[in-house]
file target30.txt (compact mmCIF, C-alpha atoms)
# COMPACT_ATOMS: atom_id res chain seq x y z
CA MET A 1 60.45 65.69 12.45
CA ILE A 2 59.98 61.95 12.14
CA ASN A 3 63.16 59.90 12.22
CA SER A 4 63.63 56.67 10.27
CA SER A 5 62.79 54.38 13.17
CA GLN A 6 59.56 56.26 13.82
CA ALA A 7 58.70 56.29 10.14
CA ASP A 8 58.85 52.51 10.02
CA GLN A 9 56.02 52.41 12.55
CA ARG A 10 53.66 54.50 10.47
CA PRO A 11 50.92 52.86 8.41
CA LEU A 12 52.15 51.79 5.00
CA ALA A 13 50.00 54.37 3.22
CA GLU A 14 51.77 57.20 5.10
CA ARG A 15 55.40 56.11 4.57
CA THR A 16 57.73 57.79 2.08
CA HIS A 17 60.77 56.22 0.47
CA SER A 18 63.41 56.97 -2.13
CA SER A 19 64.11 54.49 -4.90
CA LYS A 20 66.76 54.85 -7.59
CA ILE A 21 64.84 52.68 -10.02
CA VAL A 22 61.69 54.81 -9.59
CA ASN A 23 63.63 58.08 -9.81
CA TRP A 24 65.60 56.98 -12.87
CA SER A 25 62.60 55.67 -14.75
CA PRO A 26 62.13 57.78 -17.92
CA ILE A 27 58.41 56.99 -17.84
CA TYR A 28 55.81 56.91 -15.09
CA TYR A 29 56.84 53.95 -12.96
CA GLY A 30 53.31 52.57 -13.02
CA TRP A 31 54.10 51.20 -16.49
CA VAL A 32 56.94 49.18 -15.02
CA ILE A 33 54.57 47.98 -12.30
CA LEU A 34 52.05 46.97 -14.96
CA ALA A 35 54.66 44.84 -16.71
CA ALA A 36 56.06 43.31 -13.51
CA GLY A 37 52.62 42.63 -12.04
CA THR A 38 51.47 41.03 -15.28
CA PHE A 39 54.55 38.82 -15.30
CA GLY A 40 53.68 37.82 -11.73
CA LEU A 41 50.19 36.84 -12.85
CA ILE A 42 51.59 34.73 -15.69
CA MET A 43 53.94 33.01 -13.25
CA THR A 44 51.00 31.87 -11.11
CA SER A 45 50.36 29.28 -13.84
CA PRO A 46 52.00 26.27 -12.10
CA GLY A 47 49.43 26.69 -9.33
CA GLN A 48 46.45 27.15 -11.64
CA THR A 49 44.08 24.39 -12.71
CA TYR A 50 44.85 24.84 -16.42
CA VAL A 51 48.40 23.60 -15.72
CA ASN A 52 47.54 21.13 -12.95
CA SER A 53 45.04 19.44 -15.29
CA ILE A 54 47.88 18.36 -17.60
CA PHE A 55 49.45 16.42 -14.71
CA ILE A 56 46.28 14.72 -13.38
CA ASP A 57 46.38 11.55 -15.48
CA HIS A 58 50.08 11.14 -14.66
CA PHE A 59 49.28 11.32 -10.94
CA ILE A 60 46.53 8.72 -11.36
CA ARG A 61 48.77 6.32 -13.27
CA ASP A 62 52.13 6.73 -11.50
CA LEU A 63 50.80 7.03 -7.95
CA ASP A 64 48.13 4.33 -8.53
CA ILE A 65 45.22 6.38 -7.18
CA SER A 66 41.69 6.95 -8.50
CA ARG A 67 40.31 10.05 -10.19
CA SER A 68 37.91 10.55 -7.29
CA LEU A 69 40.79 10.47 -4.80
CA VAL A 70 42.82 12.99 -6.82
CA SER A 71 39.73 15.23 -7.00
CA THR A 72 39.25 14.90 -3.23
CA LEU A 73 42.89 15.72 -2.54
CA TYR A 74 42.62 18.74 -4.82
CA LEU A 75 39.51 19.87 -2.94
CA ILE A 76 41.10 19.47 0.49
CA GLY A 77 44.35 21.05 -0.66
CA THR A 78 42.65 24.05 -2.21
CA LEU A 79 40.33 24.57 0.77
CA ALA A 80 43.28 24.41 3.16
CA ALA A 81 45.24 26.81 0.95
CA SER A 82 42.40 29.33 0.94
CA LEU A 83 42.52 29.71 4.73
CA ALA A 84 45.87 31.51 4.54
CA LEU A 85 44.72 34.24 2.16
CA PRO A 86 43.09 36.66 4.65
CA TRP A 87 46.40 36.66 6.54
CA VAL A 88 48.31 37.21 3.29
CA GLY A 89 46.02 40.13 2.44
CA ARG A 90 46.65 41.76 5.83
CA GLN A 91 50.40 41.32 5.38
CA VAL A 92 50.18 43.03 1.99
CA ASP A 93 48.40 46.02 3.61
CA GLN A 94 50.92 46.18 6.46
CA ARG A 95 54.23 45.29 4.77
CA GLY A 96 53.60 46.07 1.12
CA GLN A 97 53.48 44.07 -2.07
CA ARG A 98 57.22 43.95 -2.73
CA LEU A 99 58.36 42.02 0.34
CA ILE A 100 55.40 39.65 0.25
CA ALA A 101 55.84 38.99 -3.49
CA VAL A 102 59.51 38.05 -3.02
CA ALA A 103 58.70 35.63 -0.19
CA ILE A 104 55.78 34.08 -2.07
CA SER A 105 57.73 33.65 -5.32
CA ALA A 106 60.63 31.90 -3.59
CA ALA A 107 58.31 29.62 -1.61
CA PHE A 108 56.29 28.85 -4.75
CA GLY A 109 59.45 27.81 -6.57
CA LEU A 110 60.39 25.45 -3.73
CA ALA A 111 56.85 24.02 -3.80
CA CYS A 112 57.25 23.14 -7.49
CA LEU A 113 60.58 21.44 -6.75
CA TYR A 114 58.83 19.46 -4.00
CA MET A 115 56.20 18.21 -6.48
CA GLY A 116 58.93 16.35 -8.34
CA PHE A 117 59.42 14.12 -5.27
CA VAL A 118 55.76 13.21 -4.63
CA ARG A 119 55.36 9.45 -4.08
CA ASN A 120 51.94 8.95 -2.49
CA ALA A 121 48.56 10.53 -1.84
CA LEU A 122 49.64 12.34 1.34
CA MET A 123 52.61 13.96 -0.38
CA LEU A 124 50.34 14.94 -3.27
CA LEU A 125 47.93 16.59 -0.83
CA ILE A 126 50.74 18.65 0.68
CA GLY A 127 51.85 19.63 -2.81
CA PHE A 128 48.34 20.72 -3.77
CA ILE A 129 48.11 22.88 -0.63
CA LEU A 130 51.39 24.61 -1.44
CA LEU A 131 50.71 25.12 -5.15
CA ARG A 132 47.20 26.46 -4.64
CA MET A 133 48.06 28.68 -1.66
CA LEU A 134 51.20 30.21 -3.16
CA GLY A 135 50.31 30.29 -6.87
CA GLN A 136 46.59 30.55 -7.46
CA GLY A 137 45.99 32.43 -4.22
CA SER A 138 48.87 34.52 -2.90
CA LEU A 139 50.89 35.45 -5.98
CA SER A 140 47.68 36.27 -7.88
CA LEU A 141 46.52 38.47 -5.01
CA VAL A 142 49.73 40.48 -4.68
CA SER A 143 50.30 40.84 -8.45
CA THR A 144 46.76 42.12 -9.05
CA ASN A 145 46.87 44.42 -6.04
CA ILE A 146 50.10 46.11 -7.04
CA ILE A 147 48.62 47.09 -10.42
CA ASN A 148 45.50 48.39 -8.68
CA GLN A 149 47.66 50.52 -6.37
CA TRP A 150 49.42 52.33 -9.22
CA TRP A 151 46.45 52.80 -11.55
CA VAL A 152 42.96 54.18 -10.82
CA ARG A 153 41.52 56.14 -13.76
CA ARG A 154 43.11 53.85 -16.34
CA ARG A 155 42.64 50.73 -14.25
CA GLY A 156 40.05 49.00 -16.42
CA PRO A 157 41.84 49.18 -19.79
CA LEU A 158 45.25 48.40 -18.30
CA LEU A 159 44.00 45.43 -16.31
CA GLY A 160 42.35 44.33 -19.54
CA LEU A 161 45.73 44.58 -21.27
CA SER A 162 47.30 42.64 -18.42
CA GLY A 163 44.60 40.02 -18.84
CA VAL A 164 45.46 39.67 -22.53
CA ALA A 165 49.06 38.85 -21.65
CA MET A 166 47.91 36.47 -18.92
CA ALA A 167 45.52 34.72 -21.30
CA LEU A 168 48.00 34.33 -24.15
CA LEU A 169 51.20 33.60 -22.22
CA GLY A 170 49.61 31.91 -19.20
CA VAL A 171 46.42 30.08 -20.17
CA GLY A 172 47.41 29.70 -23.81
CA ALA A 173 51.11 28.90 -23.62
CA PHE A 174 51.74 27.21 -20.28
CA PRO A 175 49.57 24.08 -20.75
CA ASN A 176 51.08 23.45 -24.17
CA VAL A 177 54.63 23.98 -22.91
CA VAL A 178 53.98 21.59 -20.02
CA ASN A 179 52.33 19.08 -22.37
CA TRP A 180 55.50 19.24 -24.52
CA LEU A 181 57.93 19.01 -21.59
CA ILE A 182 56.37 15.96 -19.91
CA PRO A 183 57.08 13.45 -22.74
CA HIS A 184 60.63 14.78 -23.05
CA LEU A 185 61.58 15.21 -19.38
CA GLY A 186 58.91 13.35 -17.41
CA TRP A 187 56.38 15.04 -15.17
CA ARG A 188 58.71 15.15 -12.16
CA MET A 189 61.52 16.94 -13.98
CA THR A 190 58.96 19.27 -15.56
CA TYR A 191 58.03 20.45 -12.08
CA GLY A 192 61.74 21.00 -11.47
CA VAL A 193 61.93 23.30 -14.49
CA LEU A 194 58.90 25.27 -13.28
CA GLY A 195 60.45 25.63 -9.82
CA ALA A 196 63.74 26.85 -11.26
CA VAL A 197 61.99 29.54 -13.32
CA LEU A 198 60.15 30.80 -10.24
CA LEU A 199 63.30 30.89 -8.12
CA LEU A 200 65.68 32.30 -10.71
CA VAL A 201 63.38 34.64 -12.63
CA MET A 202 60.17 35.54 -10.77
CA THR A 203 61.79 36.09 -7.37
CA PRO A 204 64.41 38.57 -8.71
CA VAL A 205 61.73 40.36 -10.76
CA ALA A 206 59.65 40.88 -7.61
CA TRP A 207 62.65 42.21 -5.68
CA LEU A 208 63.96 44.49 -8.43
CA PHE A 209 60.76 45.96 -9.86
CA PHE A 210 57.85 45.67 -7.41
CA ARG A 211 57.19 48.90 -5.46
CA ASN A 212 54.29 49.25 -3.06
CA ARG A 213 52.32 52.48 -3.64
CA PRO A 214 53.05 55.54 -5.78
CA GLU A 215 52.43 57.85 -2.80
CA GLU A 216 55.51 56.40 -1.09
CA TYR A 217 57.67 57.88 -3.85
CA GLY A 218 56.04 61.28 -4.18
CA LEU A 219 53.79 60.14 -7.02
CA LEU A 220 50.08 59.59 -7.48
CA PRO A 221 48.21 56.88 -9.39
CA ASP A 222 48.05 57.25 -13.18
CA GLY A 223 51.07 59.59 -13.21
CA LEU A 224 49.30 62.45 -11.45
CA THR A 225 52.27 64.58 -10.33
CA ALA A 226 53.15 68.25 -10.22
CA LYS A 227 55.54 67.65 -13.12
CA ASN A 228 52.71 67.03 -15.57
CA ARG A 229 52.28 69.71 -18.21
CA PRO A 230 49.56 72.31 -17.59
CA GLY A 231 46.46 71.36 -19.50
CA ASP A 232 47.30 67.64 -19.47
CA PRO A 233 43.90 65.98 -18.90
CA VAL A 234 45.46 63.46 -16.55
CA ALA A 235 47.37 66.10 -14.61
CA THR A 236 44.37 68.39 -14.24
CA ALA A 237 41.99 65.65 -13.13
CA PRO A 238 40.87 65.89 -9.48
CA SER A 239 43.29 64.36 -7.04
CA VAL A 240 42.63 60.69 -6.35
CA ALA A 241 43.01 61.36 -2.65
CA HIS A 242 39.93 63.59 -2.79
CA THR A 243 37.77 61.40 -5.02
CA GLU A 244 38.50 57.86 -3.85
CA GLU A 245 36.20 56.36 -1.24
CA ASN A 246 37.88 53.81 1.01
CA TRP A 247 35.91 51.11 2.80
CA THR A 248 37.19 48.69 5.42
CA VAL A 249 36.66 45.00 4.83
CA HIS A 250 33.88 44.94 7.46
CA GLU A 251 32.09 47.87 5.81
CA ALA A 252 32.37 46.22 2.40
CA MET A 253 30.91 42.99 3.74
CA ARG A 254 27.77 44.83 4.80
CA THR A 255 26.88 45.81 1.22
CA PRO A 256 24.65 43.56 -0.95
CA VAL A 257 26.78 43.95 -4.09
CA PHE A 258 29.79 42.50 -2.26
CA TRP A 259 28.02 39.20 -1.64
CA VAL A 260 26.19 38.91 -4.96
CA PHE A 261 29.40 39.54 -6.89
CA LEU A 262 31.46 37.31 -4.62
CA VAL A 263 29.04 34.37 -4.89
CA GLY A 264 28.75 34.88 -8.65
CA LEU A 265 32.52 34.91 -9.09
CA ALA A 266 32.80 31.92 -6.77
CA SER A 267 30.38 29.89 -8.89
CA ILE A 268 32.44 30.61 -12.02
CA SER A 269 35.60 29.72 -10.13
CA MET A 270 34.06 26.46 -8.91
CA LEU A 271 32.52 25.30 -12.17
CA GLY A 272 35.29 26.57 -14.44
CA THR A 273 37.92 24.84 -12.31
CA GLY A 274 35.96 21.60 -12.45
CA LEU A 275 35.77 21.71 -16.24
CA GLN A 276 39.47 22.47 -16.65
CA PHE A 277 40.53 19.93 -14.03
CA HIS A 278 38.80 17.10 -15.92
CA ILE A 279 39.24 18.47 -19.44
CA VAL A 280 41.48 15.61 -20.60
CA SER A 281 38.93 13.06 -19.37
CA ILE A 282 35.97 15.05 -20.76
CA PHE A 283 37.60 15.14 -24.17
CA ALA A 284 38.49 11.43 -24.00
CA ASP A 285 34.84 10.58 -23.30
CA ASN A 286 33.98 12.40 -26.52
CA GLY A 287 36.63 10.59 -28.55
CA LEU A 288 39.18 13.42 -28.44
CA THR A 289 42.88 13.12 -27.60
CA PRO A 290 44.90 14.67 -24.74
CA ALA A 291 46.69 16.74 -27.38
CA MET A 292 43.34 18.20 -28.41
CA ALA A 293 42.60 18.96 -24.75
CA ALA A 294 45.87 20.87 -24.49
CA ALA A 295 45.17 22.57 -27.83
CA SER A 296 41.79 23.78 -26.54
CA TYR A 297 43.67 26.17 -24.28
CA VAL A 298 44.59 28.21 -27.37
CA PRO A 299 40.99 29.34 -28.06
CA ILE A 300 40.53 29.64 -24.31
CA ALA A 301 43.47 32.05 -24.28
CA VAL A 302 42.42 33.99 -27.38
CA THR A 303 38.80 34.58 -26.35
CA SER A 304 39.82 35.25 -22.76
CA ALA A 305 42.29 37.87 -23.97
CA ALA A 306 39.77 39.45 -26.34
CA LEU A 307 36.96 39.64 -23.78
CA ASN A 308 39.31 40.76 -21.03
CA LEU A 309 40.64 43.63 -23.14
CA ALA A 310 37.24 44.65 -24.51
CA SER A 311 35.53 44.55 -21.12
CA GLY A 312 38.46 46.40 -19.53
CA ILE A 313 38.05 49.22 -22.04
CA LEU A 314 34.28 49.27 -21.51
CA VAL A 315 34.32 48.89 -17.73
CA ASP A 316 33.60 52.59 -17.16
CA ARG A 317 30.81 52.58 -19.76
CA VAL A 318 29.06 49.27 -19.06
CA ARG A 319 27.92 48.46 -15.56
CA LEU A 320 29.84 45.72 -13.82
CA ARG A 321 26.59 43.96 -12.92
CA VAL A 322 25.84 43.50 -16.65
CA MET A 323 29.30 42.02 -17.24
CA MET A 324 28.76 39.74 -14.25
CA ALA A 325 25.43 38.51 -15.62
CA ILE A 326 26.87 37.82 -19.09
CA ALA A 327 29.81 35.89 -17.61
CA LEU A 328 27.42 33.72 -15.59
CA LEU A 329 25.25 32.98 -18.63
CA LEU A 330 28.32 31.95 -20.62
CA GLN A 331 29.34 29.65 -17.77
CA ALA A 332 25.97 27.89 -17.91
CA LEU A 333 26.30 27.44 -21.69
CA SER A 334 29.76 25.88 -21.34
CA LEU A 335 28.39 23.30 -18.89
CA TRP A 336 25.61 22.32 -21.28
CA MET A 337 28.00 22.12 -24.23
CA VAL A 338 30.03 19.24 -22.73
CA ALA A 339 27.49 16.75 -24.08
CA PHE A 340 28.16 17.87 -27.68
CA LEU A 341 31.96 17.75 -28.03
CA GLY A 342 32.03 15.20 -30.83
CA THR A 343 34.34 17.04 -33.22
CA ALA A 344 37.51 19.08 -33.05
CA ALA A 345 35.62 22.19 -34.18
CA LEU A 346 33.11 21.87 -31.34
CA ALA A 347 35.93 21.21 -28.88
CA LEU A 348 37.67 24.41 -29.93
CA ALA A 349 34.37 26.31 -29.71
CA PHE A 350 33.96 24.91 -26.20
CA GLY A 351 37.38 26.30 -25.35
CA GLY A 352 36.34 29.66 -26.74
CA LEU A 353 33.27 29.69 -24.50
CA ILE A 354 35.34 28.91 -21.42
CA GLY A 355 37.78 31.66 -22.40
CA ALA A 356 35.05 34.25 -22.87
CA THR A 357 33.70 33.45 -19.41
CA SER A 358 37.18 33.70 -17.93
CA GLY A 359 37.90 37.02 -19.65
CA LEU A 360 34.77 38.68 -18.29
CA MET A 361 35.27 37.16 -14.85
CA ARG A 362 38.82 38.47 -14.69
CA THR A 363 37.72 42.03 -15.45
CA VAL A 364 35.00 41.94 -12.82
CA SER A 365 37.17 40.29 -10.17
CA THR A 366 40.18 42.58 -10.67
CA VAL A 367 38.29 45.87 -11.03
CA ALA A 368 35.22 45.57 -8.79
CA TRP A 369 36.80 45.58 -5.32
CA ALA A 370 39.18 48.49 -5.98
CA LYS A 371 36.52 50.46 -7.89
CA TYR A 372 33.82 49.99 -5.27
CA TYR A 373 35.85 50.02 -2.05
CA GLY A 374 39.08 51.97 -2.72
CA ARG A 375 42.78 51.08 -2.38
CA ARG A 376 43.55 51.67 1.29
CA HIS A 377 42.19 48.36 2.57
CA LEU A 378 42.37 46.50 -0.74
CA GLY A 379 44.76 43.85 0.58
CA SER A 380 42.41 42.87 3.40
CA ILE A 381 39.36 42.90 1.14
CA SER A 382 41.17 40.88 -1.53
CA GLY A 383 42.33 38.45 1.14
CA VAL A 384 38.72 37.68 2.04
CA THR A 385 37.48 37.49 -1.55
CA SER A 386 40.45 35.39 -2.65
CA THR A 387 39.76 32.95 0.19
CA VAL A 388 36.22 32.43 -1.07
CA LEU A 389 37.25 32.15 -4.73
CA VAL A 390 40.06 29.71 -4.03
CA ALA A 391 37.83 27.66 -1.74
CA ALA A 392 35.12 27.64 -4.41
CA SER A 393 37.61 26.41 -6.99
CA ALA A 394 38.23 23.46 -4.67
CA LEU A 395 34.60 22.36 -4.82
CA GLY A 396 34.35 22.00 -8.61
CA PRO A 397 36.49 18.95 -9.41
CA LEU A 398 35.06 16.55 -6.79
CA PRO A 399 31.38 16.30 -7.85
CA MET A 400 32.44 16.03 -11.48
CA GLY A 401 35.05 13.37 -10.70
CA VAL A 402 32.64 11.37 -8.53
CA ALA A 403 29.95 11.63 -11.23
CA ARG A 404 32.39 10.27 -13.80
CA ASP A 405 33.45 7.36 -11.56
CA TRP A 406 29.93 6.43 -10.45
CA LEU A 407 27.76 7.31 -13.45
CA GLY A 408 30.30 6.87 -16.23
CA SER A 409 29.49 10.34 -17.59
CA TYR A 410 29.74 14.03 -16.73
CA THR A 411 26.61 15.13 -18.59
CA THR A 412 23.81 14.76 -16.01
CA THR A 413 25.77 16.41 -13.22
CA LEU A 414 26.85 19.33 -15.40
CA ASN A 415 23.30 19.95 -16.61
CA MET A 416 22.15 20.19 -12.99
CA LEU A 417 25.04 22.45 -11.97
CA ALA A 418 24.22 24.89 -14.80
CA VAL A 419 21.21 26.08 -12.79
CA ILE A 420 23.56 27.79 -10.30
CA PRO A 421 25.07 30.41 -12.65
CA LEU A 422 21.67 31.00 -14.28
CA GLY A 423 20.11 31.98 -10.96
CA LEU A 424 23.06 34.16 -10.00
CA ALA A 425 22.97 35.93 -13.38
CA VAL A 426 19.45 37.11 -12.59
CA ALA A 427 20.43 38.18 -9.06
CA SER A 428 23.42 40.18 -10.28
CA LEU A 429 21.18 42.45 -12.35
CA PHE A 430 19.50 43.78 -9.20
CA VAL A 431 22.55 45.14 -7.36
CA ASP A 432 24.61 48.25 -8.00
CA ARG A 433 27.57 50.27 -6.71
CA PRO A 434 27.54 50.58 -2.89
CA ALA A 435 26.82 53.92 -1.25
CA ARG A 436 27.24 55.04 2.34

call {"tool": "encode", "arguments": {"input": "target30.txt", "output": "C-alpha cells"}}
result
Amino acid sequence: MINSSQADQRPLAERTHSSKIVNWSPIYYGWVILAAGTFGLIMTSPGQTYVNSIFIDHFIRDLDISRSLVSTLYLIGTLAASLALPWVGRQVDQRGQRLIAVAISAAFGLACLYMGFVRNALMLLIGFILLRMLGQGSLSLVSTNIINQWWVRRRGPLLGLSGVAMALLGVGAFPNVVNWLIPHLGWRMTYGVLGAVLLLVMTPVAWLFFRNRPEEYGLLPDGLTAKNRPGDPVATAPSVAHTEENWTVHEAMRTPVFWVFLVGLASISMLGTGLQFHIVSIFADNGLTPAMAAASYVPIAVTSAALNLASGILVDRVRLRVMMAIALLLQALSLWMVAFLGTAALALAFGGLIGATSGLMRTVSTVAWAKYYGRRHLGSISGVTSTVLVAASALGPLPMGVARDWLGSYTTTLNMLAVIPLGLAVASLFVDRPAR
C-alpha cells in the first residue's frame, strides 16, 4: 500500500485525490473546468496585445518616448517573457494546473498594479516582461491545458465554444472597457482596476475550481466513467487510455508537422500582433479615430467567435492542415487590406478579417498539440510552442513601428511581409498527422 508521503512522489498522472467539489458536482466536472478555464483565458486580456494597444499612445505621450522605442521595448519584453514558458510547462506537468494557475493569477494581478507606477522606459520594459510572461504566455498555457486534460473526444467543439466566449468577452469587450475607463480614471488607475480583478476574482476562481486531471478523481475525459448508462455512446466508447498516443516533447519535435504548424502559427502571431499593436496609428493614418480602432474589436470578436466555433465543430471532419492554410491566407489578405481603410465600413471589414484569422488560429493552436501528441506531456510541449508563439508576437510590432517612423507609412512593409504567410500556407498543405 502506498502511504500519502509516497503518493506525493508519484508522477502527477498516477496520483489520486478526493475533492468535495468534484464529488458534489451534479454534472461531469469537466463542464466546470470548461467554464473556469475559459474564464482564465478571458482574464489573460490585460497581457494581450488587443488591450496593450489601447495604452500605447498614452505611453508615448506621458513617458515622452517614441513609437519605435515602445515597439522595441515590447519586443524585448515579449522575447524575455517567452523564455520562462518551457519552465512553466514543465511545472504544469509536475505540479498540476491548479497550483500553477493560482500563482500565475496572483502574480499577474500584481504586475497590473505595477504598471500604474511606470515612470520611464526601463520600468515600462519590466512591465511588458511581466504582462506578457504571466498573461499572454503562462495563464493562457495553463487555462488551455486544463480544458485539454478533461476533454478528448469533444475537445474540438468545446474549445470552439470556449473560443467564442474568449472572442466576445475578451477580444470584443476588454478593449472597449479599457477605452472607456482610461478617460474616466486615467490609464494608471485603469491598470489598478485590472490588477484588482485578477487578484480578487481570477485567483480565487483558480483555487476553488481548477482541478488537474480527471484520472486523479476516478474519472476519465469526456465523462467516461463506470456510472454511465449502458448503451450511452460516450460510455461505451473505447477507453481513452487505450486509444491516446502520447509523445514526449523531443519525439514531437522530430516530426515535420510540428515545425510547419509551429512556424505557421508563429507567423500569424507575429503579424497579427503587429497589426493590433499599431491599430490606433494605422487607423489614424487612414483618417479614422481611436474610437473606431477600439470599435473594430467588435467585428474582430464576432468573426473570431464564429470561425472558432465552426472550426471547432469541424475539426474532426476537416484536416487541420487545411484550416492552417486558410488561416495563413486570411492573414496575408489582412496585411494587404491596410492600404484601403478609407471608410468605417472597410475598417470594420478589416476587423472581421483579423478576427477570422484569429478564430482559425485558435482552433489549430489549442487542438493540434493535444490531438497529435496526447495529454501526458502536453505541458512540456505547450511550454515549447508557447515560447515560440510569444517570441514571434514580439517581432511583429518593431518592423511596423520602424517603417512608420522612417517611411511615414505602413503599406510597403506590410505588402512585403504578406509573402511569409502565403509561402507557409502552401507548405502546410503537404504535412499530415504524425505517425511512429

call {"tool": "closest_residue", "arguments": {"input": "target30.txt", "among": "A:Ser68, A:Met133, A:Leu198, A:Pro46", "to": "Phe174 (chain A)", "atoms": "all atoms listed in the file"}}
result
A:Pro46

call {"tool": "closest_residue", "arguments": {"input": "target30.txt", "among": "A:Trp151, A:Thr387, A:Gly135, A:Gly423", "to": "Ser269 (chain A)", "atoms": "all atoms listed in the file"}}
result
A:Thr387

call {"tool": "residues_around", "arguments": {"input": "target30.txt", "residues": "Val249 (chain A)", "least_positions_apart": "5", "cutoff": "7 Å", "atoms": "only C-alpha atoms", "output": "compact mmCIF listing (two decimals) with C-alpha atoms, keeping the file's coordinate frame"}}
result
# COMPACT_ATOMS: atom_id res chain seq x y z
CA HIS A 377 42.19 48.36 2.57
CA SER A 380 42.41 42.87 3.40
CA ILE A 381 39.36 42.90 1.14

call {"tool": "atom_distance", "arguments": {"input": "target30.txt", "atom1": "CA of Val302 (chain A)", "atom2": "CA of Ile279 (chain A)"}}
result
17.7 Å

call {"tool": "atom_distance", "arguments": {"input": "target30.txt", "atom1": "CA of Met270 (chain A)", "atom2": "CA of Tyr373 (chain A)"}}
result
24.6 Å

call {"tool": "residues_around", "arguments": {"input": "target30.txt", "residues": "Arg213 (chain A)", "least_positions_apart": "5", "cutoff": "9 Å", "atoms": "all atoms listed in the file", "output": "tab-separated table (two decimals) with C-alpha atoms, in the frame of the given file"}}
result
chain	number	residue	atom	x	y	z
A	12	LEU	CA	52.15	51.79	5.00
A	13	ALA	CA	50.00	54.37	3.22
A	96	GLY	CA	53.60	46.07	1.12
A	97	GLN	CA	53.48	44.07	-2.07
A	146	ILE	CA	50.10	46.11	-7.04
A	149	GLN	CA	47.66	50.52	-6.37
A	150	TRP	CA	49.42	52.33	-9.22
A	219	LEU	CA	53.79	60.14	-7.02
A	220	LEU	CA	50.08	59.59	-7.48
A	221	PRO	CA	48.21	56.88	-9.39

call {"tool": "residues_around", "arguments": {"input": "target30.txt", "residues": "region 47-58 of chain A", "least_positions_apart": "4", "cutoff": "7 Å", "atoms": "all atoms listed in the file", "output": "list in words"}}
result
Asp62, Leu131, Arg132, Gly135, Gln136, Val171, Phe174, Pro175, Asn179, Thr273, Gln276, Phe277 and His278 of chain A

call {"tool": "closest_residue", "arguments": {"input": "target30.txt", "among": "A:Ser365, A:Ser304, A:Thr190, A:Asn415", "to": "Ala403 (chain A)", "atoms": "only C-alpha atoms"}}
result
A:Asn415

call {"tool": "residues_around", "arguments": {"input": "target30.txt", "residues": "Pro204 (chain A)", "least_positions_apart": "4", "cutoff": "10 Å", "atoms": "all atoms listed in the file", "output": "ChimeraX atom specification"}}
result
/A:102,105-106,198-200,208-210
